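**Q** Just dropping this structure here.
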Amino acid sequence: MKNSEKTNVMRILDGKKISYMSHAYEADASLSGEEIAAILEEEADMVFKTLVTQGKSGQYYVFVVPVKEELDLKKAAKAAGEKSVSMIKQKELLPLTGYVHGGCSPIGMKKRFPTFIHETAGQYEKMFVSAGRVGLQIELSPADLAEAAGCGFADIV
């Protein structure tokens, strides 16, 4: 892959010397996570989506959950040490993170927010998350993602 085709996510991983594989597919923001898993020919349990929330305190939090699961807001709030958290509005995503809906990655946001990966990721050798652009996923180990995003694991679904 040419350097000009690399996303910020890939440049960050390269800079940290973290190995990954990129997977491109027909860019379509309307695809569900389960459809993306099928395109990648991977189990949906190993393909994760990145969700951004705001706590009652005003702090933002990022949660990485399997595409076929829903974020449990009560468990997410507990993991974050908040009374409650709520999903941010889609129109707030780009200005806040630098990513568009369908291309949001836990790595390389404009600002680093406390981030939590669902604990089931730890049972796999590899997982998939957005590479920071619609139509592009990266495959890496859960431990490497945790290192790159500066996050930990929690029961959040």
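Ligands are numbered from 1 in the order shown, chains are lettered A, B, ... in the order of the structure tokens, and residues start at 1 in each chain.
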I'd like the neighbourhood of Tyr124 in chain A as a compact mmCIF listing (two decimals) with C-alpha atoms, in the first residue's frame, where a residue qualifies if any of its atoms comes within 12 Å (using only C-alpha atoms), though same-chain residues fewer than 2 positions away should be ignored.
**A**
```txt
# COMPACT_ATOMS: atom_id res chain seq x y z
CA GLU A 42 -14.89 -13.42 9.22
CA GLU A 43 -17.07 -14.20 12.23
CA ASP A 45 -17.86 -11.74 16.84
CA MET A 46 -14.39 -10.68 15.66
CA VAL A 47 -15.48 -7.52 13.83
CA PRO A 66 -18.75 -6.58 18.43
CA HIS A 118 -15.52 -5.36 25.07
CA GLU A 119 -13.86 -8.15 27.02
CA THR A 120 -14.79 -10.86 24.49
CA ALA A 121 -12.09 -9.47 22.17
CA GLY A 122 -9.51 -11.04 24.49
CA LYS A 126 -7.22 -11.14 15.94
CA MET A 127 -9.98 -8.60 15.68
CA PHE A 128 -11.14 -6.10 13.08
CA GLU A 139 -6.94 -6.65 11.47
CA LEU A 140 -4.74 -6.77 14.56
CA SER A 141 -4.49 -8.50 17.92
CA PRO A 142 -6.72 -7.22 20.75
CA ALA A 143 -3.61 -6.53 22.86
```
**Q** Using DSSP on the backbone coordinates, identify all residues within range 18-146 of chain A classified as alpha helix (DSSP H); present the result as a VMD selection string.
**A** chain A and resid 33 to 40 73 to 80 90 to 97 142 to 146
**Q** Go ahead and save the residues from that selection, with N, CA and C atoms, as a CSV table (one decimal), in the first residue's frame.
**A**
```
chain,number,residue,atom,x,y,z
A,33,GLY,N,-22.5,-3.8,10.2
A,33,GLY,CA,-21.3,-4.4,10.7
A,33,GLY,C,-21.3,-5.9,10.3
A,34,GLU,N,-22.4,-6.5,10.4
A,34,GLU,CA,-22.5,-8.0,10.1
A,34,GLU,C,-22.3,-8.2,8.6
A,35,GLU,N,-22.8,-7.2,7.8
A,35,GLU,CA,-22.5,-7.3,6.3
A,35,GLU,C,-21.0,-7.2,6.0
A,36,ILE,N,-20.4,-6.3,6.8
A,36,ILE,CA,-18.9,-6.1,6.6
A,36,ILE,C,-18.2,-7.4,7.0
A,37,ALA,N,-18.6,-8.0,8.1
A,37,ALA,CA,-18.0,-9.3,8.5
A,37,ALA,C,-18.1,-10.3,7.4
A,38,ALA,N,-19.3,-10.4,6.8
A,38,ALA,CA,-19.5,-11.4,5.7
A,38,ALA,C,-18.6,-11.1,4.5
A,39,ILE,N,-18.4,-9.8,4.2
A,39,ILE,CA,-17.5,-9.4,3.1
A,39,ILE,C,-16.1,-9.8,3.4
A,40,LEU,N,-15.7,-9.6,4.7
A,40,LEU,CA,-14.3,-10.0,5.1
A,40,LEU,C,-14.2,-11.5,5.3
A,73,LEU,N,-25.6,0.7,28.0
A,73,LEU,CA,-25.2,2.1,28.5
A,73,LEU,C,-25.0,2.0,30.0
A,74,LYS,N,-25.7,1.2,30.7
A,74,LYS,CA,-25.4,1.1,32.2
A,74,LYS,C,-24.1,0.5,32.5
A,75,LYS,N,-23.7,-0.6,31.8
A,75,LYS,CA,-22.4,-1.2,32.0
A,75,LYS,C,-21.3,-0.3,31.5
A,76,ALA,N,-21.6,0.4,30.4
A,76,ALA,CA,-20.6,1.4,29.9
A,76,ALA,C,-20.3,2.5,30.9
A,77,ALA,N,-21.4,3.0,31.5
A,77,ALA,CA,-21.3,4.0,32.5
A,77,ALA,C,-20.5,3.5,33.7
A,78,LYS,N,-20.7,2.3,34.1
A,78,LYS,CA,-20.0,1.7,35.3
A,78,LYS,C,-18.5,1.6,34.9
A,79,ALA,N,-18.2,1.1,33.7
A,79,ALA,CA,-16.8,1.0,33.3
A,79,ALA,C,-16.1,2.3,33.3
A,80,ALA,N,-16.8,3.4,32.9
A,80,ALA,CA,-16.3,4.7,32.8
A,80,ALA,C,-16.3,5.5,34.1
A,90,GLN,N,-25.0,11.8,15.7
A,90,GLN,CA,-24.1,11.5,14.5
A,90,GLN,C,-23.5,12.7,14.0
A,91,LYS,N,-24.2,13.9,14.0
A,91,LYS,CA,-23.6,15.1,13.4
A,91,LYS,C,-22.4,15.6,14.3
A,92,GLU,N,-22.3,15.2,15.5
A,92,GLU,CA,-21.2,15.6,16.4
A,92,GLU,C,-19.9,14.7,16.2
A,93,LEU,N,-20.1,13.6,15.5
A,93,LEU,CA,-19.0,12.6,15.4
A,93,LEU,C,-17.8,13.2,14.7
A,94,LEU,N,-18.0,13.8,13.5
A,94,LEU,CA,-16.8,14.3,12.7
A,94,LEU,C,-16.1,15.4,13.4
A,95,PRO,N,-16.8,16.5,13.9
A,95,PRO,CA,-16.1,17.5,14.6
A,95,PRO,C,-15.3,17.1,15.8
A,96,LEU,N,-15.9,16.1,16.5
A,96,LEU,CA,-15.3,15.6,17.8
A,96,LEU,C,-14.1,14.7,17.6
A,97,THR,N,-14.3,13.7,16.6
A,97,THR,CA,-13.3,12.7,16.5
A,97,THR,C,-12.4,12.8,15.2
A,142,PRO,N,-6.1,-8.1,19.7
A,142,PRO,CA,-6.7,-7.2,20.7
A,142,PRO,C,-5.7,-6.5,21.6
A,143,ALA,N,-4.6,-7.2,22.0
A,143,ALA,CA,-3.6,-6.5,22.9
A,143,ALA,C,-3.0,-5.4,22.1
A,144,ASP,N,-2.7,-5.5,20.8
A,144,ASP,CA,-2.1,-4.4,20.1
A,144,ASP,C,-3.1,-3.3,19.9
A,145,LEU,N,-4.4,-3.5,19.7
A,145,LEU,CA,-5.3,-2.5,19.7
A,145,LEU,C,-5.4,-1.7,21.0
A,146,ALA,N,-5.4,-2.5,22.1
A,146,ALA,CA,-5.4,-1.8,23.4
A,146,ALA,C,-4.2,-1.0,23.6
```
**Q** Of the residues A:Lys56, A:Lys68, A:Lys110, A:Lys49, which is the one nearest to Val85 in chain A, using only C-alpha atoms?
**A**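 Between A:Lys56, A:Lys68, A:Lys110, A:Lys49, the residue approaching Val85 in chain A most closely is A:Lys56.
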**Q** Which residue, A:Ser86, A:Gly135, A:Ser130, A:Gly108, has the smallest gap to Gly150 in chain A when you use only C-alpha atoms?
**A**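 Of A:Ser86, A:Gly135, A:Ser130, A:Gly108, the one nearest Gly150 in chain A is A:Gly108, counting only C-alpha atoms.
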**Q** Assign secondary structure with DSSP using the backbone only, and return the residues of chain A in strand (DSSP E) as JSON, numbers by chain.
**A** {"A": [21, 22, 23, 24, 48, 49, 50, 51, 52, 53, 54, 55, 60, 61, 62, 63, 64, 65, 66, 85, 86, 87, 115, 116, 117, 118, 127, 128, 129, 130, 131, 132, 133, 136, 137, 138, 139, 140, 152, 153, 154]}
**Q** Quick one: everything within 8 Å of Val134 in chain A, counting only C-alpha atoms, minus sequence neighbours fewer than 3 positions away in the same chain. Send it as a VMD selection string.
**A** chain A and resid 27 to 29 100 102 to 103 130
**Q** Between A:Thr50, A:Ser19, A:Thr115, A:Gln59, which residue has the minimum interatomic distance to Val129 in chain A, considering only C-alpha atoms?
**A**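 The closest residue to Val129 in chain A is A:Thr50.
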**Q** Show me, as a list in words, the residues that have an atom within 7 Å of Met87 in chain A when counting only C-alpha atoms, minus same-chain residues fewer than 6 positions from it.
**A**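 Counting only the stated atoms, we get Val52, Thr53 and Gln54 of chain A.
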**Q** Which residue is closest to Val67 in chain A? Choose from A:Ala44, A:Ala154, A:Ala148, A:Cys104 and count only C-alpha atoms.
**A**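 With only C-alpha atoms as the atom set, the closest residue is A:Ala44.
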**Q** May I ask which of the residues A:Ser30, A:Gly81, A:Asn8, A:Phe153 is the closest one to Met109 in chain A, counting only C-alpha atoms?
**A** A:Asn8
**Q** Do you know which residues are at most 7 Å from Phe116 in chain A counting only C-alpha atoms, after dropping those on the same chain fewer than 5 positions away, and could you put them as a ChimeraX atom specification?
**A** /A:62-64,151-154
**Q** Of the residues A:Ala149, A:Val65, A:Leu51, A:Ala24, which is the one nearest to Ile117 in chain A, using only C-alpha atoms?
**A** A:Val65
